[in-house]
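File shown here: entry09.csv, holding CSV, C-alpha atoms.
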chain,number,residue,atom,x,y,z
A,1,GLY,CA,93.9,158.0,93.1
A,2,ARG,CA,94.6,154.3,93.5
A,3,GLU,CA,91.7,154.0,96.1
A,4,ARG,CA,89.3,155.7,93.8
A,5,LEU,CA,90.3,153.3,91.0
A,6,SER,CA,90.0,150.4,93.3
A,7,GLY,CA,86.5,151.6,94.3
A,8,ALA,CA,85.5,151.9,90.7
A,9,VAL,CA,86.8,148.4,89.9
A,10,SER,CA,84.8,147.0,92.9
A,11,ALA,CA,81.7,148.8,91.7
A,12,ALA,CA,82.2,147.6,88.2
A,13,GLU,CA,82.7,144.0,89.5
A,14,ALA,CA,79.5,144.3,91.6
A,15,GLN,CA,77.6,145.5,88.6
A,16,LEU,CA,79.0,142.7,86.5
A,17,SER,CA,78.1,140.1,89.1
A,18,ASN,CA,74.6,141.6,89.4
A,19,ALA,CA,74.2,141.5,85.6
A,20,ARG,CA,75.4,137.9,85.5
A,21,GLY,CA,72.8,137.0,88.2
A,22,LYS,CA,70.0,138.7,86.2
A,23,LEU,CA,71.2,136.9,83.0
A,24,SER,CA,71.2,133.6,84.8
A,25,ALA,CA,67.6,134.2,86.1
A,26,LEU,CA,66.5,135.2,82.6
A,27,GLY,CA,68.1,132.0,81.3
A,28,SER,CA,66.2,129.9,83.8
A,29,GLU,CA,63.0,131.7,82.9
A,30,TYR,CA,63.6,131.2,79.2
A,31,SER,CA,64.3,127.4,79.8
A,32,ALA,CA,61.1,127.1,81.7
A,33,MET,CA,59.1,128.9,78.9
A,34,GLN,CA,60.7,126.6,76.3
A,35,ALA,CA,59.8,123.5,78.4
A,36,LYS,CA,56.2,124.8,78.7
A,37,GLU,CA,56.0,125.5,74.9
A,38,LYS,CA,57.3,122.0,74.2
A,39,LEU,CA,54.7,120.5,76.5
A,40,LEU,CA,51.9,122.5,74.9
A,41,SER,CA,53.0,121.5,71.4
A,42,ARG,CA,53.2,117.9,72.4
A,43,ILE,CA,49.7,118.0,73.8
A,44,GLN,CA,48.5,119.6,70.6
A,45,GLU,CA,50.3,117.0,68.4
A,46,ASN,CA,49.1,114.0,70.4
A,47,PHE,CA,45.7,115.5,71.2
A,48,GLU,CA,46.2,114.8,74.9
A,49,GLY,CA,43.2,115.7,77.0
A,50,TYR,CA,40.6,114.7,74.4
A,51,GLN,CA,38.3,111.8,74.8
A,52,ILE,CA,39.5,108.6,73.0
A,53,SER,CA,37.1,108.8,70.0
A,54,VAL,CA,38.0,112.4,69.2
A,55,LYS,CA,41.7,111.7,69.8
A,56,MET,CA,41.6,108.6,67.5
A,57,LEU,CA,39.8,110.5,64.7
A,58,LEU,CA,42.2,113.5,64.9
A,59,THR,CA,45.2,111.2,64.9
A,60,GLU,CA,43.8,109.3,61.9
A,61,GLY,CA,43.5,112.7,60.2
A,62,LYS,CA,47.2,113.2,60.5
A,63,ARG,CA,47.8,110.1,58.4
A,64,ASN,CA,44.8,110.4,56.0
A,65,PRO,CA,44.4,113.7,54.0
A,66,ASP,CA,40.9,112.7,53.0
A,67,ILE,CA,39.9,112.8,56.7
A,68,ALA,CA,42.0,115.9,57.5
A,69,ARG,CA,40.5,118.1,54.8
A,70,ARG,CA,37.0,117.5,56.3
A,71,ILE,CA,37.9,118.6,59.8
A,72,CYS,CA,38.1,122.4,60.6
A,73,GLY,CA,39.1,121.7,64.2
A,74,THR,CA,37.7,121.2,67.7
A,75,VAL,CA,35.6,123.9,69.4
A,76,ALA,CA,38.6,124.3,71.9
A,77,HIS,CA,41.1,124.6,69.1
A,78,LEU,CA,39.3,127.2,66.9
A,79,MET,CA,38.9,129.9,69.6
A,80,ARG,CA,41.1,132.2,71.7
A,81,VAL,CA,40.0,132.7,75.3
A,82,PRO,CA,41.3,135.7,77.4
A,83,LYS,CA,42.9,134.5,80.7
A,84,LYS,CA,40.3,136.2,82.8
A,85,VAL,CA,37.4,134.1,81.5
A,86,GLU,CA,39.3,130.8,80.9
A,87,ILE,CA,37.7,128.9,83.8
A,88,ALA,CA,34.2,130.2,83.1
A,89,ILE,CA,34.4,129.3,79.4
A,90,ASP,CA,35.8,125.9,80.2
A,91,VAL,CA,32.9,125.2,82.5
A,92,ALA,CA,30.3,126.8,80.1
A,93,LEU,CA,31.4,124.5,77.3
A,94,GLY,CA,32.2,121.4,79.2
A,95,GLN,CA,32.4,118.3,76.9
A,96,ALA,CA,31.4,120.5,74.0
A,97,MET,CA,35.0,121.7,73.9
A,98,GLN,CA,35.7,118.4,72.2
A,99,ASN,CA,33.0,118.7,69.5
A,100,ILE,CA,34.5,118.7,66.0
A,101,VAL,CA,33.7,121.5,63.6
A,102,VAL,CA,33.2,120.5,60.0
A,103,GLN,CA,32.1,122.4,56.9
A,104,SER,CA,29.0,120.4,55.9
A,105,GLU,CA,26.6,117.7,56.8
A,106,ALA,CA,28.3,115.5,54.1
A,107,ASP,CA,31.6,115.9,55.9
A,108,ALA,CA,30.0,114.9,59.2
A,109,LYS,CA,28.4,111.8,57.6
A,110,PHE,CA,31.7,110.8,56.1
A,111,LEU,CA,33.5,111.1,59.4
A,112,ILE,CA,30.7,109.2,61.3
A,113,GLY,CA,31.2,106.4,58.7
A,114,VAL,CA,34.9,106.4,59.6
A,115,LEU,CA,34.1,106.2,63.3
A,116,LYS,CA,31.8,103.3,62.8
A,117,GLU,CA,34.1,101.4,60.5
A,118,LYS,CA,37.1,101.8,62.9
A,119,ARG,CA,34.9,101.4,66.0
A,120,TYR,CA,36.5,104.5,67.5
A,121,GLY,CA,33.3,105.5,69.4
A,122,ARG,CA,31.0,108.5,69.2
A,123,VAL,CA,31.9,112.1,68.4
A,124,THR,CA,29.6,115.2,68.0
A,125,PHE,CA,30.1,117.2,64.8
A,126,LEU,CA,29.1,120.8,64.2
A,127,PRO,CA,28.6,121.5,60.5
A,128,VAL,CA,29.2,125.2,59.8
A,129,GLU,CA,26.6,125.2,57.0
A,130,THR,CA,23.7,123.9,59.2
A,131,VAL,CA,24.4,124.9,62.8
A,132,LYS,CA,22.2,127.9,63.8
A,133,GLY,CA,23.4,129.9,66.8
A,134,ARG,CA,20.6,131.5,68.9
A,135,TYR,CA,21.7,134.5,70.9
A,136,LEU,CA,20.2,135.5,74.2
A,137,ASP,CA,17.1,137.7,74.0
A,138,GLU,CA,17.9,141.4,74.1
A,139,GLY,CA,15.7,141.9,77.2
A,140,PHE,CA,17.7,139.4,79.3
A,141,VAL,CA,21.0,141.0,78.2
A,142,ARG,CA,19.6,144.4,79.2
A,143,LEU,CA,18.5,143.2,82.6
A,144,ALA,CA,21.7,141.3,83.3
A,145,SER,CA,24.1,144.0,82.1
A,146,SER,CA,22.5,146.5,84.5
A,147,CYS,CA,23.6,144.3,87.5
A,148,GLU,CA,26.8,144.6,89.4
A,149,GLY,CA,29.5,142.0,88.5
A,150,TYR,CA,28.2,141.4,84.9
A,151,VAL,CA,31.0,140.4,82.6
A,152,GLY,CA,29.2,139.6,79.4
A,153,VAL,CA,27.5,137.0,77.2
A,154,ALA,CA,29.9,134.1,76.9
A,155,SER,CA,30.1,134.0,73.1
A,156,ASP,CA,31.1,137.7,73.1
A,157,LEU,CA,34.0,137.1,75.4
A,158,VAL,CA,36.0,134.6,73.1
A,159,GLU,CA,37.7,135.4,69.8
A,160,TYR,CA,37.1,133.2,66.7
A,161,ASP,CA,37.0,133.5,62.9
A,162,ALA,CA,33.8,135.2,61.7
A,163,LYS,CA,32.9,132.1,59.7
A,164,TYR,CA,32.5,130.1,63.0
A,165,ARG,CA,30.1,132.7,64.5
A,166,ASN,CA,27.1,130.4,64.5
A,167,ILE,CA,29.1,127.6,66.2
A,168,TYR,CA,30.2,129.8,69.1
A,169,VAL,CA,26.8,131.6,69.5
A,170,GLY,CA,25.2,128.2,69.4
A,171,GLN,CA,27.5,126.9,72.2
A,172,LEU,CA,27.9,130.1,74.3
A,173,GLY,CA,25.3,132.7,73.2
A,174,ARG,CA,22.8,131.9,75.9
A,175,THR,CA,25.2,131.8,78.8
A,176,ILE,CA,26.0,134.9,80.9
A,177,ILE,CA,29.3,135.3,82.7
A,178,VAL,CA,29.3,137.1,86.1
A,179,ASP,CA,32.3,137.7,88.4
A,180,THR,CA,31.2,136.2,91.7
A,181,LEU,CA,28.5,133.8,93.0
A,182,ASP,CA,26.9,136.5,95.1
A,183,HIS,CA,26.5,138.7,92.0
A,184,ALA,CA,25.4,135.7,90.0
A,185,THR,CA,22.5,134.9,92.4
A,186,ALA,CA,21.4,138.6,92.1
A,187,VAL,CA,21.5,138.4,88.3
A,188,ALA,CA,19.6,135.0,88.4
A,189,ARG,CA,16.8,136.6,90.4
A,190,LYS,CA,16.8,139.6,88.0
A,191,VAL,CA,16.3,137.3,84.9
A,192,SER,CA,13.8,135.1,86.8
A,193,TYR,CA,16.2,132.1,86.6
A,194,ALA,CA,15.6,131.8,82.9
A,195,VAL,CA,19.3,131.9,81.8
A,196,ARG,CA,22.4,129.9,82.6
A,197,ILE,CA,24.9,131.9,84.6
A,198,VAL,CA,28.6,130.9,85.1
A,199,THR,CA,31.0,132.8,87.4
A,200,LEU,CA,34.7,133.5,86.8
A,201,GLU,CA,35.5,130.7,89.4
A,202,GLY,CA,33.3,128.2,87.5
A,203,ASP,CA,30.2,128.1,89.7
A,204,VAL,CA,27.0,127.6,87.7
A,205,ILE,CA,23.4,128.7,88.3
A,206,HIS,CA,21.2,126.7,85.9
A,207,PRO,CA,17.9,127.9,84.5
A,208,PHE,CA,15.1,127.0,87.0
A,209,GLY,CA,17.5,127.6,89.9
A,210,ALA,CA,19.8,124.6,90.4
A,211,MET,CA,23.3,125.4,91.4
A,212,THR,CA,26.7,123.7,90.7
A,213,GLY,CA,30.0,124.6,92.4
A,214,GLY,CA,32.8,123.4,94.6

Written as structure tokens, that's how I'd like the structure from this file.
Amino acid sequence: GRERLSGAVSAAEAQLSNARGKLSALGSEYSAMQAKEKLLSRIQENFEGYQISVKMLLTEGKRNPDIARRICGTVAHLMRVPKKVEIAIDVALGQAMQNIVVQSEADAKFLIGVLKEKRYGRVTFLPVETVKGRYLDEGFVRLASSCEGYVGVASDLVEYDAKYRNIYVGQLGRTIIVDTLDHATAVARKVSYAVRIVTLEGDVIHPFGAMTGG
């Protein structure tokens, strides 16, 4: 009886030790996630990664409500991008990620006035009321979507509030995302090199045939 009890105690101790190990691993994972969250919120708060003029204007907006109320956000900030297409969308947008979305031309004019007065530099503004998004012609979409490796038109692969539809169609509605460079070259031939194609790894085939990658 004593041996059986001793065996049960040993087993229970082993289970406890195992559970402690798992708890410790989870604790480390949680700490790492907390650290990442802090870093991301710091980046968001200080607008790290943005060009100086955009950063200065957004920072000014935190101090001045008259500026803040005219800014909807940056192109990067107002969309959600699925992990699978992150690199492709990043490359497809390039510097346009930092463009600032505003409601009207009047808001853009006001903010350009602030930039000039403070000598912050230049920023591109996208007024929701006037930007017209032009989506890829249906014929090109049909041709491309019949090819192997086709992922979709870039503007269809990101999520955003419906009121910003013209902004994202304007920026991404004429770019096709394809999985690999081999498949991208096949799609490019199919659409007669008339459309910009970006791969999931960030390689680009430009209209008229130029290629960027590395």

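Counting from CA of Gly94 in chain A, the distance to CA of Ala194 in chain A is 19.9 Å.
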
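Distance-wise, CA of Leu111 in chain A and CA of Pro65 in chain A end up 12.4 Å apart.
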
- Query: When you draw a straight line from CA of Pro207 in chain A to CA of Gly149 in chain A, how long is it in Å?
  - Reply: 18.7 Å

- Message: Need to verify the contact set: range 66-68 of chain A, 10 Å, only C-alpha atoms, exclusion of same-chain residues closer than 5 positions in sequence. Can you return it as a ChimeraX atom specification?
- Response: /A:57-61,73,107,110-111,114

Fewer than 6 positions away in the same chain doesn't count, so skip those; otherwise give me all residues within 9 Å of Gly170 in chain A, counting only C-alpha atoms, as a compact mmCIF listing (two decimals) with C-alpha atoms, in the coordinates of the input.
# COMPACT_ATOMS: atom_id res chain seq x y z
CA VAL A 131 24.40 124.90 62.80
CA LYS A 132 22.20 127.90 63.80
CA GLY A 133 23.40 129.90 66.80
CA ARG A 134 20.60 131.50 68.90
CA TYR A 135 21.70 134.50 70.90
CA SER A 155 30.10 134.00 73.10

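Distance check against Arg119 in chain A using all atoms listed in the file: of A:Ser17, A:Ser53, A:Thr185, A:Ser6, the minimum falls on A:Ser53.
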
- Fewer than 6 positions away in the same chain doesn't count, so skip those; otherwise give me all residues within 6 Å of Val102 in chain A, counting only C-alpha atoms, as a ChimeraX atom specification. /A:71-72,126-127

Could you dump the residues just selected with C-alpha atoms as an mmCIF file, in the coordinates of the input?
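New file selection_10.cif:
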data_model
loop_
_atom_site.group_PDB
_atom_site.id
_atom_site.type_symbol
_atom_site.label_atom_id
_atom_site.label_comp_id
_atom_site.auth_asym_id
_atom_site.auth_seq_id
_atom_site.Cartn_x
_atom_site.Cartn_y
_atom_site.Cartn_z
ATOM 1 C CA ILE A 71 37.900 118.600 59.800
ATOM 2 C CA CYS A 72 38.100 122.400 60.600
ATOM 3 C CA LEU A 126 29.100 120.800 64.200
ATOM 4 C CA PRO A 127 28.600 121.500 60.500
#

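Residue nearest Gln171 in chain A within the list A:Lys83, A:Arg20, A:Arg196, A:Arg122: A:Arg196 [criterion: smallest interatomic distance, all atoms listed in the file].
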
- Message: Excluding Phe140 in chain A and its own-chain neighbours fewer than 2 positions away, which residues fall within 10 Å of it when counting all atoms listed in the file? Please give them as a PyMOL selection string.
- Response: chain A and resi 136-138+142-145+174+176+187+190-192+194-195

- Query: Using all atoms listed in the file, which of the listed residues (A:Met97, A:Met33, A:Ala14, A:Leu157) sits closest to Val85 in chain A?
  - Reply: A:Leu157
